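Undergrad: File coords-v3.txt below, compact mmCIF, C-alpha atoms and all ligand atoms:
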# COMPACT_ATOMS: atom_id res chain seq x y z
CA MET Z 17 0.00 0.00 0.00
CA ILE Z 18 2.92 2.33 0.68
CA ALA Z 19 3.62 4.43 -2.36
CA SER Z 20 7.21 4.41 -3.45
CA ILE Z 21 9.15 7.24 -4.95
CA THR Z 22 12.77 7.27 -5.95
CA LEU Z 23 14.96 9.95 -4.45
CA THR Z 24 18.59 10.56 -5.21
CA ASP Z 25 21.41 9.77 -2.81
CA HIS Z 26 22.81 13.19 -3.63
CA LEU Z 27 20.71 14.78 -0.91
CA MET Z 28 22.09 15.17 2.58
CA LYS Z 29 20.00 12.91 4.78
CA THR Z 30 18.84 15.63 7.14
CA TYR Z 31 15.25 14.41 6.89
CA SER Z 32 13.79 10.93 7.05
CA ARG Z 33 11.30 11.74 4.33
CA GLN Z 34 7.89 10.22 3.88
CA PRO Z 35 7.57 8.13 0.71
CA ILE Z 36 5.51 10.69 -1.15
CA ALA Z 37 6.05 13.75 -3.34
CA PHE Z 38 3.53 16.18 -4.74
CA THR Z 39 3.11 17.58 -8.21
CA HIS Z 40 0.51 20.27 -7.68
CA GLY Z 41 -2.11 21.63 -5.35
CA GLN Z 42 -5.33 23.58 -5.26
CA GLY Z 43 -6.68 25.30 -2.15
CA ALA Z 44 -6.47 22.76 0.68
CA TRP Z 45 -5.71 19.84 -1.65
CA LEU Z 46 -2.49 18.26 -2.86
CA TRP Z 47 -1.88 15.69 -5.62
CA SER Z 48 0.94 13.16 -5.37
CA THR Z 49 3.15 11.92 -8.19
CA ASP Z 50 1.02 8.77 -8.41
CA GLY Z 51 -2.10 10.86 -8.97
CA LYS Z 52 -3.71 10.53 -5.52
CA LYS Z 53 -5.47 13.45 -3.87
CA TYR Z 54 -4.76 14.50 -0.27
CA LEU Z 55 -6.45 16.91 2.10
CA ASP Z 56 -3.69 19.15 3.44
CA GLY Z 57 -3.91 19.46 7.22
CA LEU Z 58 -0.40 20.89 7.55
CA ALA Z 59 0.07 23.61 4.89
CA GLY Z 60 3.81 22.95 4.63
CA ILE Z 61 4.07 23.49 8.41
CA ALA Z 62 1.97 26.66 8.70
CA VAL Z 63 3.38 28.14 5.51
CA ASN Z 64 0.70 27.94 2.80
CA GLY Z 65 -1.91 30.07 4.52
CA LEU Z 66 -3.52 31.00 1.20
CA GLY Z 67 -3.58 27.32 0.27
CA HIS Z 68 -2.05 26.06 -2.94
CA ASN Z 69 -2.20 27.86 -6.26
CA HIS Z 70 -4.00 30.97 -5.05
CA PRO Z 71 -4.60 32.92 -8.30
CA LYS Z 72 -3.78 36.36 -6.86
CA LEU Z 73 -0.54 35.16 -5.29
CA VAL Z 74 0.51 33.27 -8.41
CA LYS Z 75 -0.16 36.29 -10.59
CA ALA Z 76 1.62 38.73 -8.26
CA ILE Z 77 4.71 36.50 -8.12
CA ALA Z 78 4.71 35.95 -11.87
CA ASP Z 79 4.29 39.65 -12.63
CA GLN Z 80 7.05 40.63 -10.22
CA ALA Z 81 9.36 37.91 -11.56
CA ALA Z 82 8.91 39.43 -15.00
CA ARG Z 83 9.81 42.89 -13.66
CA LEU Z 84 12.58 42.43 -11.10
CA ILE Z 85 13.58 39.51 -8.86
CA HIS Z 86 16.62 40.74 -6.96
CA THR Z 87 18.72 43.83 -6.61
CA SER Z 88 20.42 44.21 -3.22
CA ASN Z 89 19.95 45.80 0.15
CA LEU Z 90 22.65 48.20 -0.97
CA TYR Z 91 19.78 50.01 -2.72
CA GLY Z 92 16.29 51.05 -1.87
CA ILE Z 93 13.70 48.34 -2.54
CA VAL Z 94 10.25 49.88 -2.91
CA GLU Z 95 8.41 46.55 -2.50
CA GLN Z 96 10.32 45.93 0.76
CA SER Z 97 9.40 49.40 2.00
CA ALA Z 98 5.74 48.79 1.27
CA LEU Z 99 5.90 45.45 3.08
CA ALA Z 100 7.61 47.03 6.10
CA ASP Z 101 4.85 49.64 6.29
CA GLU Z 102 2.11 47.05 6.13
CA VAL Z 103 3.61 44.54 8.56
CA CYS Z 104 4.41 47.33 11.05
CA ARG Z 105 0.89 48.71 10.71
CA LEU Z 106 -0.66 45.32 11.45
CA SER Z 107 1.62 44.61 14.41
CA ASN Z 108 1.91 48.19 15.72
CA MET Z 109 5.69 47.95 15.41
CA GLN Z 110 8.13 50.59 14.17
CA GLU Z 111 10.73 48.94 11.94
CA ALA Z 112 11.45 45.68 10.16
CA PHE Z 113 14.51 43.71 9.12
CA PHE Z 114 13.80 41.13 6.43
CA CYS Z 115 15.67 37.86 6.12
CA ASN Z 116 14.96 34.42 4.70
CA SER Z 117 13.74 32.07 7.44
CA GLY Z 118 12.45 31.77 10.97
CA ALA Z 119 15.88 30.88 12.31
CA GLU Z 120 17.36 33.97 10.71
CA ALA Z 121 14.59 36.13 12.10
CA ASN Z 122 15.34 34.82 15.59
CA GLU Z 123 19.08 35.12 15.01
CA ALA Z 124 18.45 38.82 14.26
CA ALA Z 125 16.36 39.15 17.44
CA ILE Z 126 19.10 37.51 19.51
CA LYS Z 127 21.72 39.83 18.04
CA LEU Z 128 19.41 42.79 18.65
CA ALA Z 129 19.01 41.84 22.32
CA ARG Z 130 22.77 41.50 22.74
CA HIS Z 131 23.34 44.84 21.06
CA TYR Z 132 20.67 46.41 23.22
CA GLY Z 133 22.57 45.19 26.27
CA TYR Z 134 25.90 46.33 24.84
CA LYS Z 135 24.57 49.83 24.35
CA ARG Z 136 23.54 49.79 27.99
CA GLY Z 137 26.98 48.71 29.13
CA ILE Z 138 26.34 44.96 29.35
CA ASN Z 139 28.77 43.05 27.19
CA ASN Z 140 27.30 39.58 27.31
CA ALA Z 141 23.59 40.15 27.56
CA LYS Z 142 21.57 37.09 28.50
CA ILE Z 143 18.17 36.13 27.17
CA ILE Z 144 15.53 34.15 29.01
CA VAL Z 145 14.10 31.30 26.92
CA MET Z 146 11.43 28.71 27.67
CA GLU Z 147 11.23 24.99 28.20
CA ARG Z 148 9.86 23.28 25.08
CA ALA Z 149 10.78 26.32 22.98
CA TRP Z 150 11.59 26.01 19.29
CA HIS Z 151 13.50 28.85 17.65
CA GLY Z 152 15.47 27.26 14.80
CA ARG Z 153 18.56 25.29 13.88
CA THR Z 154 21.38 27.80 13.47
CA LEU Z 155 23.85 27.51 16.34
CA ALA Z 156 22.41 30.41 18.34
CA THR Z 157 18.75 29.60 17.71
CA LEU Z 158 19.50 25.95 18.46
CA ALA Z 159 20.95 27.04 21.78
CA ALA Z 160 17.70 28.93 22.43
CA THR Z 161 15.68 25.86 21.42
CA ASP Z 162 14.78 23.27 24.05
CA SER Z 163 15.42 19.99 22.25
CA GLU Z 164 18.23 17.67 23.30
CA LYS Z 165 17.61 15.60 20.18
CA ALA Z 166 18.31 18.57 17.90
CA LYS Z 167 21.44 19.56 19.85
CA VAL Z 168 23.25 16.27 20.27
CA GLY Z 169 26.52 16.03 18.38
CA PHE Z 170 26.99 19.72 17.67
CA GLY Z 171 29.36 20.54 20.47
CA GLU Z 172 29.39 23.76 22.34
CA LEU Z 173 26.57 26.10 21.38
CA PRO Z 174 26.55 29.86 21.97
CA GLY Z 175 25.79 30.68 25.61
CA GLY Z 176 23.82 33.53 27.05
CA PHE Z 177 20.46 31.78 27.39
CA VAL Z 178 18.71 31.15 30.68
CA ARG Z 179 15.97 28.54 30.43
CA VAL Z 180 12.84 28.68 32.57
CA PRO Z 181 9.58 26.68 32.64
CA TYR Z 182 6.85 28.02 30.34
CA LYS Z 183 4.09 30.07 31.97
CA ASN Z 184 5.95 30.45 35.24
CA MET Z 185 6.58 34.01 36.49
CA ALA Z 186 8.29 32.90 39.70
CA ALA Z 187 10.98 31.17 37.63
CA ILE Z 188 11.60 34.40 35.74
CA GLU Z 189 11.94 36.37 38.95
CA GLN Z 190 14.40 33.81 40.23
CA ALA Z 191 16.36 33.92 36.97
CA LYS Z 192 16.58 37.68 37.34
CA ALA Z 193 17.96 37.40 40.85
CA GLU Z 194 20.66 35.00 39.64
CA ASN Z 195 21.57 36.72 36.35
CA PRO Z 196 22.10 40.49 36.36
CA GLU Z 197 23.01 40.39 32.63
CA ILE Z 198 19.51 39.43 31.49
CA GLN Z 199 18.25 41.93 28.93
CA ALA Z 200 15.42 40.14 27.17
CA VAL Z 201 12.86 37.34 27.19
CA LEU Z 202 12.25 35.34 24.01
CA LEU Z 203 9.17 33.15 23.79
CA GLU Z 204 6.40 31.77 21.63
CA VAL Z 205 2.93 32.74 22.85
CA LEU Z 206 1.73 29.44 21.38
CA GLN Z 207 4.43 26.82 21.22
CA GLY Z 208 4.18 24.89 17.96
CA GLU Z 209 6.97 22.29 17.82
CA GLY Z 210 6.71 22.09 21.61
CA GLY Z 211 3.25 20.51 21.33
CA ILE Z 212 0.71 23.37 20.88
CA ASN Z 213 1.09 24.88 24.36
CA ILE Z 214 -0.76 28.13 24.95
CA ALA Z 215 0.42 30.92 27.25
CA ASP Z 216 -2.54 32.53 29.00
CA ALA Z 217 -3.23 36.26 28.77
CA ASP Z 218 -2.59 36.85 32.50
CA TYR Z 219 0.89 35.42 32.30
CA LEU Z 220 1.71 37.37 29.14
CA ARG Z 221 0.47 40.65 30.60
CA THR Z 222 2.41 40.11 33.82
CA LEU Z 223 5.49 39.23 31.78
CA ARG Z 224 5.03 42.34 29.63
CA GLN Z 225 4.94 44.52 32.72
CA PHE Z 226 7.88 42.72 34.31
CA CYS Z 227 10.01 43.29 31.19
CA SER Z 228 9.11 46.97 31.12
CA ASP Z 229 9.84 47.38 34.82
CA ASN Z 230 13.28 45.83 34.39
CA GLY Z 231 14.25 47.44 31.09
CA TRP Z 232 14.17 44.04 29.33
CA LEU Z 233 13.00 43.48 25.78
CA LEU Z 234 9.94 41.29 25.35
CA MET Z 235 10.64 39.32 22.18
CA ILE Z 236 7.87 37.15 20.75
CA ASP Z 237 8.61 34.40 18.25
CA GLU Z 238 5.55 34.46 15.98
CA VAL Z 239 7.22 32.40 13.25
CA GLN Z 240 4.51 29.73 13.50
CA SER Z 241 1.67 31.52 15.32
CA GLY Z 242 1.82 34.75 13.29
CA ILE Z 243 0.15 35.84 10.03
CA GLY Z 244 -3.37 34.86 10.96
CA ARG Z 245 -2.68 31.32 12.05
CA THR Z 246 -4.46 31.74 15.39
CA GLY Z 247 -7.32 33.89 14.10
CA LYS Z 248 -5.55 37.18 14.80
CA TRP Z 249 -2.69 38.64 12.80
CA PHE Z 250 -0.35 37.70 15.66
CA GLY Z 251 -0.76 35.36 18.59
CA PHE Z 252 0.20 37.99 21.17
CA GLN Z 253 -2.86 40.02 20.17
CA HIS Z 254 -5.04 37.52 22.03
CA ALA Z 255 -3.48 38.89 25.23
CA ASP Z 256 -3.63 42.53 24.15
CA ILE Z 257 0.04 43.16 24.80
CA GLN Z 258 2.65 44.99 22.73
CA PRO Z 259 6.02 43.26 22.31
CA ASP Z 260 9.32 45.07 21.71
CA VAL Z 261 10.51 42.54 19.13
CA ILE Z 262 8.52 40.15 16.94
CA THR Z 263 9.92 37.48 14.64
CA LEU Z 264 8.03 36.16 11.64
CA ALA Z 265 8.56 33.71 8.80
CA LYS Z 266 6.51 30.61 7.89
CA GLY Z 267 3.17 32.07 6.76
CA LEU Z 268 4.52 35.47 5.75
CA GLY Z 269 5.43 34.65 2.15
CA SER Z 270 2.98 31.81 1.50
CA GLY Z 271 5.91 29.55 0.60
CA VAL Z 272 8.31 32.08 -0.84
CA PRO Z 273 11.13 32.15 1.76
CA ILE Z 274 11.00 35.28 3.87
CA GLY Z 275 11.53 36.05 7.54
CA ALA Z 276 11.26 39.27 9.49
CA CYS Z 277 12.43 40.74 12.77
CA LEU Z 278 10.29 43.69 13.86
CA ALA Z 279 11.30 46.17 16.54
CA ALA Z 280 9.58 48.92 18.49
CA GLY Z 281 9.92 50.99 21.65
CA PRO Z 282 13.22 50.31 23.41
CA ALA Z 283 14.25 47.96 20.58
CA TYR Z 284 13.71 50.65 17.93
CA GLN Z 285 16.93 51.65 16.13
CA VAL Z 286 19.14 49.49 18.32
CA MET Z 287 20.57 48.07 15.10
CA GLY Z 288 22.38 50.56 12.88
CA PRO Z 289 24.40 50.44 9.65
CA GLY Z 290 26.91 47.59 9.65
CA SER Z 291 25.36 45.77 12.61
CA HIS Z 292 23.49 43.15 10.61
CA GLY Z 293 22.66 42.23 7.03
CA THR Z 294 21.71 39.66 4.43
CA THR Z 295 22.16 39.38 0.68
CA PHE Z 296 18.73 38.03 -0.18
CA GLY Z 297 16.50 39.34 2.61
CA GLY Z 298 13.43 41.29 1.55
CA GLY Z 299 14.13 41.32 -2.18
CA PRO Z 300 11.47 42.51 -4.61
CA LEU Z 301 10.03 39.07 -5.40
CA VAL Z 302 9.61 37.82 -1.84
CA SER Z 303 8.38 41.20 -0.63
CA VAL Z 304 5.62 41.18 -3.24
CA ALA Z 305 4.68 37.62 -2.26
CA ALA Z 306 4.41 38.68 1.40
CA LEU Z 307 2.56 41.90 0.65
CA THR Z 308 0.09 40.00 -1.53
CA THR Z 309 -0.36 37.41 1.22
CA LEU Z 310 -1.32 40.14 3.70
CA GLN Z 311 -3.64 41.84 1.20
CA VAL Z 312 -5.45 38.65 0.23
CA MET Z 313 -5.83 37.65 3.88
CA ALA Z 314 -7.54 40.97 4.62
CA GLU Z 315 -9.70 40.89 1.46
CA GLU Z 316 -10.87 37.35 2.10
CA GLY Z 317 -11.46 37.83 5.83
CA LEU Z 318 -9.12 34.97 6.66
CA LEU Z 319 -8.66 35.91 10.32
CA GLU Z 320 -12.36 35.45 11.12
CA HIS Z 321 -12.40 32.44 8.83
CA ALA Z 322 -9.45 30.80 10.62
CA THR Z 323 -11.20 31.37 13.96
CA ALA Z 324 -14.41 29.78 12.69
CA MET Z 325 -12.71 26.84 10.97
CA GLY Z 326 -10.56 26.20 14.03
CA GLN Z 327 -13.62 26.11 16.24
CA LEU Z 328 -15.35 23.77 13.81
CA ILE Z 329 -12.40 21.38 13.69
CA ARG Z 330 -11.91 21.35 17.47
CA ALA Z 331 -15.63 20.98 18.16
CA THR Z 332 -15.95 18.15 15.64
CA LEU Z 333 -12.91 16.33 17.01
CA THR Z 334 -14.16 16.81 20.56
CA ARG Z 335 -17.55 15.35 19.62
CA GLU Z 336 -16.14 12.46 17.58
CA LEU Z 337 -13.53 11.55 20.20
CA ALA Z 338 -15.79 11.97 23.23
CA GLY Z 339 -15.24 9.19 25.73
CA VAL Z 340 -12.30 7.70 23.83
CA ALA Z 341 -9.68 6.61 26.34
CA GLY Z 342 -6.21 7.85 25.51
CA VAL Z 343 -7.08 11.37 24.36
CA ARG Z 344 -5.56 13.75 26.87
CA GLU Z 345 -6.61 17.11 25.41
CA ILE Z 346 -7.77 18.81 22.22
CA ARG Z 347 -6.52 22.38 22.22
CA GLY Z 348 -5.41 25.29 20.09
CA ARG Z 349 -6.34 28.66 18.72
CA GLY Z 350 -7.62 29.28 15.24
CA LEU Z 351 -5.99 26.84 12.86
CA MET Z 352 -3.14 25.90 15.17
CA ILE Z 353 -4.52 22.73 16.72
CA GLY Z 354 -3.08 19.97 18.89
CA ILE Z 355 -4.59 16.65 19.92
CA GLU Z 356 -2.53 15.32 22.78
CA LEU Z 357 -2.70 11.57 23.25
CA LEU Z 358 -1.55 9.51 26.20
CA LYS Z 359 0.83 7.47 24.07
CA PRO Z 360 3.40 8.15 21.34
CA CYS Z 361 1.64 8.36 17.98
CA ALA Z 362 4.20 9.08 15.25
CA GLU Z 363 2.70 6.18 13.23
CA LEU Z 364 -0.47 8.21 12.78
CA VAL Z 365 1.21 10.29 10.09
CA ALA Z 366 1.53 7.30 7.73
CA ILE Z 367 -1.87 5.84 8.69
CA ALA Z 368 -3.60 9.15 7.96
CA ARG Z 369 -1.64 9.61 4.75
CA ASP Z 370 -2.81 6.23 3.47
CA LYS Z 371 -6.33 7.54 4.01
CA GLY Z 372 -5.66 10.78 2.16
CA LEU Z 373 -4.88 13.13 5.05
CA ILE Z 374 -1.70 15.11 5.54
CA ILE Z 375 -1.08 15.65 9.25
CA ASN Z 376 1.88 15.96 11.60
CA VAL Z 377 2.91 14.66 15.01
CA THR Z 378 5.11 16.67 17.34
CA ARG Z 379 6.58 15.98 20.78
CA ASP Z 380 5.91 12.24 20.15
CA ASN Z 381 2.29 12.32 21.32
CA VAL Z 382 0.65 15.44 19.93
CA VAL Z 383 -1.17 15.31 16.59
CA ARG Z 384 -0.69 18.75 15.07
CA LEU Z 385 -3.02 20.33 12.53
CA LEU Z 386 -2.04 23.52 10.69
CA PRO Z 387 -4.31 23.53 7.65
CA PRO Z 388 -4.34 26.36 5.10
CA LEU Z 389 -6.29 29.37 6.38
CA VAL Z 390 -8.48 29.13 3.27
CA ILE Z 391 -9.75 25.66 4.16
CA GLN Z 392 -13.46 25.55 3.39
CA HIS Z 393 -16.21 24.55 5.80
CA GLU Z 394 -16.78 21.10 4.24
CA GLU Z 395 -13.04 20.46 4.06
CA ALA Z 396 -12.54 21.39 7.71
CA GLU Z 397 -15.38 19.08 8.67
CA LEU Z 398 -13.95 16.33 6.47
CA LEU Z 399 -10.50 16.70 8.04
CA ALA Z 400 -11.95 16.28 11.54
CA THR Z 401 -14.47 13.52 10.74
CA GLU Z 402 -11.86 11.48 8.82
CA LEU Z 403 -9.13 12.00 11.40
CA ALA Z 404 -11.21 11.15 14.48
CA PRO Z 405 -11.83 7.47 13.60
CA ILE Z 406 -8.16 7.08 12.63
CA ILE Z 407 -7.15 8.29 16.10
CA ARG Z 408 -9.88 6.20 17.76
CA THR Z 409 -8.79 3.00 16.02
CA PHE Z 410 -5.15 3.73 16.78
CA LEU Z 411 -5.89 4.23 20.47
CA GLN Z 412 -8.05 1.11 20.67
CA THR Z 413 -5.42 -1.09 19.01
CA PRO Z 414 -3.06 -2.45 21.66
C1 LIG J 501 9.65 26.83 12.39
C2 LIG J 501 9.99 27.71 13.51
C3 LIG J 501 11.22 28.37 13.58
C4 LIG J 501 12.32 28.14 12.58
O1 LIG J 501 11.97 28.58 11.31
P1 LIG J 501 12.83 28.10 10.04
O2 LIG J 501 12.21 28.87 8.90
O3 LIG J 501 12.64 26.63 9.92
O4 LIG J 501 14.23 28.47 10.28
C5 LIG J 501 11.43 29.26 14.62
N1 LIG J 501 10.49 29.48 15.54
C6 LIG J 501 9.30 28.87 15.52
C7 LIG J 501 8.28 29.16 16.57
C8 LIG J 501 9.02 27.95 14.51
O5 LIG J 501 7.84 27.31 14.50
Written as structure tokens, how would this file's structure read?
TA:
Amino acid sequence: MIASITLTDHLMKTYSRQPIAFTHGQGAWLWSTDGKKYLDGLAGIAVNGLGHNHPKLVKAIADQAARLIHTSNLYGIVEQSALADEVCRLSNMQEAFFCNSGAEANEAAIKLARHYGYKRGINNAKIIVMERAWHGRTLATLAATDSEKAKVGFGELPGGFVRVPYKNMAAIEQAKAENPEIQAVLLEVLQGEGGINIADADYLRTLRQFCSDNGWLLMIDEVQSGIGRTGKWFGFQHADIQPDVITLAKGLGSGVPIGACLAAGPAYQVMGPGSHGTTFGGGPLVSVAALTTLQVMAEEGLLEHATAMGQLIRATLTRELAGVAGVREIRGRGLMIGIELLKPCAELVAIARDKGLIINVTRDNVVRLLPPLVIQHEEAELLATELAPIIRTFLQTP
């Protein structure tokens, strides 16, 4: 039953890939090389918010490609300027640095925090990070990430991070008492790779105030939770707080690689000429893709839609899995959904795939759903009603 595809040995084996490849997509659907159709419950890991083959995105990219793809950050880039304006307007931030990935966005945030400290006379500024955090795979972002599996074999990683339990203010106060060099806190308001863990508004507001009181930067990693994924433009908006630094990537370019580090307040203009840079970041093509993504999301009301579809999926799963032993919790916000089981469930990915569903499992026992924000009512219902019996059968099989 398992489809087979042939892949070259000339690829570094950094992924144990599933035996499937896709040729094209439409909305929330993908077609594999052997002609089968799949309902996409993952959107390339929270990337394809507009779904596949969105006509406005395709046209905007094609038109821009025909005009200008790349110049350099040595020059003005009008498309990048327009994107900076729009992303700052939506997030209430003041300035943006564009790069090419989530890890790079966080790398920029980490450098910004260190430079912020440096300008205040602290040479080795420390940053508080969370248990179960995921911030990327460059050496510094890996150090900020809480995954022993991802770190093993890479030797000494950059220091300067102080790890505390998620959603625990007392631990932050204690960290402060022990580390006078702390200058910032970096966290996800909804942890994605960490298993869809949600920080409550009370904690986030208290943390916001604590950072302000201590002159620390509050830096929010919205790489996964940003760009409408949770039903608001950014996850922190559920708590009505204003961060000093925000990092973005995944959904921002709808699949065209782009990341961003936004700064405001005390983080504004910390970085000056020569302090940071990138050859590709924020070029004309990717900037147009991101700008079009934001425009289409607004035009199509995708924030409200993501909220409604998320509720539908969670409610349907809750109903269909009611009373099933082995389901610990169904949680999430908008279209960032986790189904935590009481046992490891990595096999579910292949079982669901054989039945035409693309899903993901993270932290061994959490089924993660990140469907395109454009998923239609019937498709959302289908995803939940098809997935529930798969989970039920899996849990009831010893
Ligand atoms: C995916 C992710 C990253 C890393 O992004 P890359 O584009 O893979 O480098 C960082 N932070 C969070 C919260 C993520 O989900």
Undergrad: Would you pick out the contacts of Leu307 in chain Z at 8 Å or less, using only C-alpha atoms, so that residues sharing its chain but fewer than 3 positions from it are not included, and give the list as a list in words?
TA: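 Using only C-alpha atoms, the neighbours found are Ala98, Leu99, Glu102, Gly269, Ser303, Val304, Leu310 and Gln311 of chain Z.
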Undergrad: May I ask you to write as JSON, numbers by chain all residues lying at most 8 Å from ligand LIG 501 (chain J), with only C-alpha atoms and all ligand atoms counted?
TA: {"Z": [61, 116, 117, 118, 119, 120, 121, 122, 149, 150, 151, 152, 153, 154, 157, 204, 207, 208, 209, 237, 238, 239, 240, 241, 265, 266, 273, 275]}
Undergrad: Counting all atoms listed in the file, select every polymer residue within 12 Å of (7.8, 40.9, 0.7) as defined in the file's coordinates, and provide the selection as a PDB file with C-alpha atoms, in the coordinates of the input.
TA:
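Ended up saving to result14.pdb:
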ATOM      1  CA  LEU Z  73      -0.540  35.160  -5.290  1.00  0.00           C
ATOM      2  CA  ALA Z  76       1.620  38.730  -8.260  1.00  0.00           C
ATOM      3  CA  ILE Z  77       4.710  36.500  -8.120  1.00  0.00           C
ATOM      4  CA  GLN Z  80       7.050  40.630 -10.220  1.00  0.00           C
ATOM      5  CA  ILE Z  85      13.580  39.510  -8.860  1.00  0.00           C
ATOM      6  CA  HIS Z  86      16.620  40.740  -6.960  1.00  0.00           C
ATOM      7  CA  ILE Z  93      13.700  48.340  -2.540  1.00  0.00           C
ATOM      8  CA  VAL Z  94      10.250  49.880  -2.910  1.00  0.00           C
ATOM      9  CA  GLU Z  95       8.410  46.550  -2.500  1.00  0.00           C
ATOM     10  CA  GLN Z  96      10.320  45.930   0.760  1.00  0.00           C
ATOM     11  CA  SER Z  97       9.400  49.400   2.000  1.00  0.00           C
ATOM     12  CA  ALA Z  98       5.740  48.790   1.270  1.00  0.00           C
ATOM     13  CA  LEU Z  99       5.900  45.450   3.080  1.00  0.00           C
ATOM     14  CA  ALA Z 100       7.610  47.030   6.100  1.00  0.00           C
ATOM     15  CA  ASP Z 101       4.850  49.640   6.290  1.00  0.00           C
ATOM     16  CA  GLU Z 102       2.110  47.050   6.130  1.00  0.00           C
ATOM     17  CA  VAL Z 103       3.610  44.540   8.560  1.00  0.00           C
ATOM     18  CA  ALA Z 112      11.450  45.680  10.160  1.00  0.00           C
ATOM     19  CA  PHE Z 113      14.510  43.710   9.120  1.00  0.00           C
ATOM     20  CA  PHE Z 114      13.800  41.130   6.430  1.00  0.00           C
ATOM     21  CA  CYS Z 115      15.670  37.860   6.120  1.00  0.00           C
ATOM     22  CA  ASN Z 116      14.960  34.420   4.700  1.00  0.00           C
ATOM     23  CA  LEU Z 264       8.030  36.160  11.640  1.00  0.00           C
ATOM     24  CA  ALA Z 265       8.560  33.710   8.800  1.00  0.00           C
ATOM     25  CA  GLY Z 267       3.170  32.070   6.760  1.00  0.00           C
ATOM     26  CA  LEU Z 268       4.520  35.470   5.750  1.00  0.00           C
ATOM     27  CA  GLY Z 269       5.430  34.650   2.150  1.00  0.00           C
ATOM     28  CA  SER Z 270       2.980  31.810   1.500  1.00  0.00           C
ATOM     29  CA  GLY Z 271       5.910  29.550   0.600  1.00  0.00           C
ATOM     30  CA  VAL Z 272       8.310  32.080  -0.840  1.00  0.00           C
ATOM     31  CA  PRO Z 273      11.130  32.150   1.760  1.00  0.00           C
ATOM     32  CA  ILE Z 274      11.000  35.280   3.870  1.00  0.00           C
ATOM     33  CA  GLY Z 275      11.530  36.050   7.540  1.00  0.00           C
ATOM     34  CA  ALA Z 276      11.260  39.270   9.490  1.00  0.00           C
ATOM     35  CA  PHE Z 296      18.730  38.030  -0.180  1.00  0.00           C
ATOM     36  CA  GLY Z 297      16.500  39.340   2.610  1.00  0.00           C
ATOM     37  CA  GLY Z 298      13.430  41.290   1.550  1.00  0.00           C
ATOM     38  CA  GLY Z 299      14.130  41.320  -2.180  1.00  0.00           C
ATOM     39  CA  PRO Z 300      11.470  42.510  -4.610  1.00  0.00           C
ATOM     40  CA  LEU Z 301      10.030  39.070  -5.400  1.00  0.00           C
ATOM     41  CA  VAL Z 302       9.610  37.820  -1.840  1.00  0.00           C
ATOM     42  CA  SER Z 303       8.380  41.200  -0.630  1.00  0.00           C
ATOM     43  CA  VAL Z 304       5.620  41.180  -3.240  1.00  0.00           C
ATOM     44  CA  ALA Z 305       4.680  37.620  -2.260  1.00  0.00           C
ATOM     45  CA  ALA Z 306       4.410  38.680   1.400  1.00  0.00           C
ATOM     46  CA  LEU Z 307       2.560  41.900   0.650  1.00  0.00           C
ATOM     47  CA  THR Z 308       0.090  40.000  -1.530  1.00  0.00           C
ATOM     48  CA  THR Z 309      -0.360  37.410   1.220  1.00  0.00           C
ATOM     49  CA  LEU Z 310      -1.320  40.140   3.700  1.00  0.00           C
ATOM     50  CA  GLN Z 311      -3.640  41.840   1.200  1.00  0.00           C
TER      51      GLN Z 311
END
Undergrad: Separation of CA of Glu123 in chain Z and CA of Ala156 in chain Z, in Å?
TA: 6.7 Å
Undergrad: Enumerate, in order of chain and increasing residue number, the residues of range 169-258 of chain Z with an atom no farther than 12 Å from range 327-346 of chain Z, each with its shortest atom pair and distance in Å to one decimal, counting all atoms listed in the file, as a tab-separated table.
TA:
residue	atom	partner	partner_atom	distance
Z:Gly211	CA	Z:Ile346	CA	11.2
Z:Ile212	CA	Z:Ile346	CA	9.7
Z:Asn213	CA	Z:Ile346	CA	11.0
Z:Ile214	CA	Z:Ile346	CA	12.0
Z:Thr246	CA	Z:Gln327	CA	10.8
Z:Gly247	CA	Z:Gln327	CA	10.2
Undergrad: Counting only C-alpha atoms, what are the residues of range 67-137 of chain Z within 10 Å of range 40-45 of chain Z, and for each of them which pair of atoms is the nearest and at what distance in Å, to one decimal? Sort the table by chain and rising number, as a Markdown table.
TA:
| residue | atom | partner | partner_atom | distance |
| --- | --- | --- | --- | --- |
| Z:Gly67 | CA | Z:Gly43 | CA | 4.4 |
| Z:His68 | CA | Z:Gln42 | CA | 4.7 |
| Z:Asn69 | CA | Z:Gln42 | CA | 5.4 |
| Z:His70 | CA | Z:Gly43 | CA | 6.9 |
| Z:Pro71 | CA | Z:Gln42 | CA | 9.8 |
Undergrad: Box in all listed atoms of range 342-353 of chain Z, axis-aligned, with 8 Å more on each side; write out centre and edge lengths in Å to one decimal as lines of an AutoDock Vina configuration file.
TA:
center_x = -5.5
center_y = 18.6
center_z = 19.9
size_x = 20.6
size_y = 37.4
size_z = 30.0
Undergrad: Grab the CA of Cys227 in chain Z to CA of Cys104 in chain Z distance for me, in Å with one decimal place.
TA: 21.3 Å
Undergrad: Which residues are close to Leu55 in chain Z, i.e. within 12 Å by all atoms listed in the file, leaving aside same-chain residues fewer than 2 positions away? Reply as a PyMOL selection string.
TA: chain Z and resi 41-48+52-53+57-59+67-68+368-375+385-388+391-392+394-400+402-403
Undergrad: Identify the residues around (25.6, 49.9, 13.9) within a radius of 12 Å, measuring from all atoms listed in the file in the coordinates stated by the file, and give them as a list in words.
TA: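 Every residue inside that radius is included here: Lys127, Leu128, His131, Tyr132, Tyr134, Lys135, Gln285, Val286, Met287, Gly288, Pro289, Gly290, Ser291, His292 and Gly293 of chain Z.
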Undergrad: Could you state the separation of CA of Leu358 in chain Z and CA of Asn376 in chain Z in Å, given to one decimal place?
TA: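 Distance reported for this atom pair: 16.3 Å.
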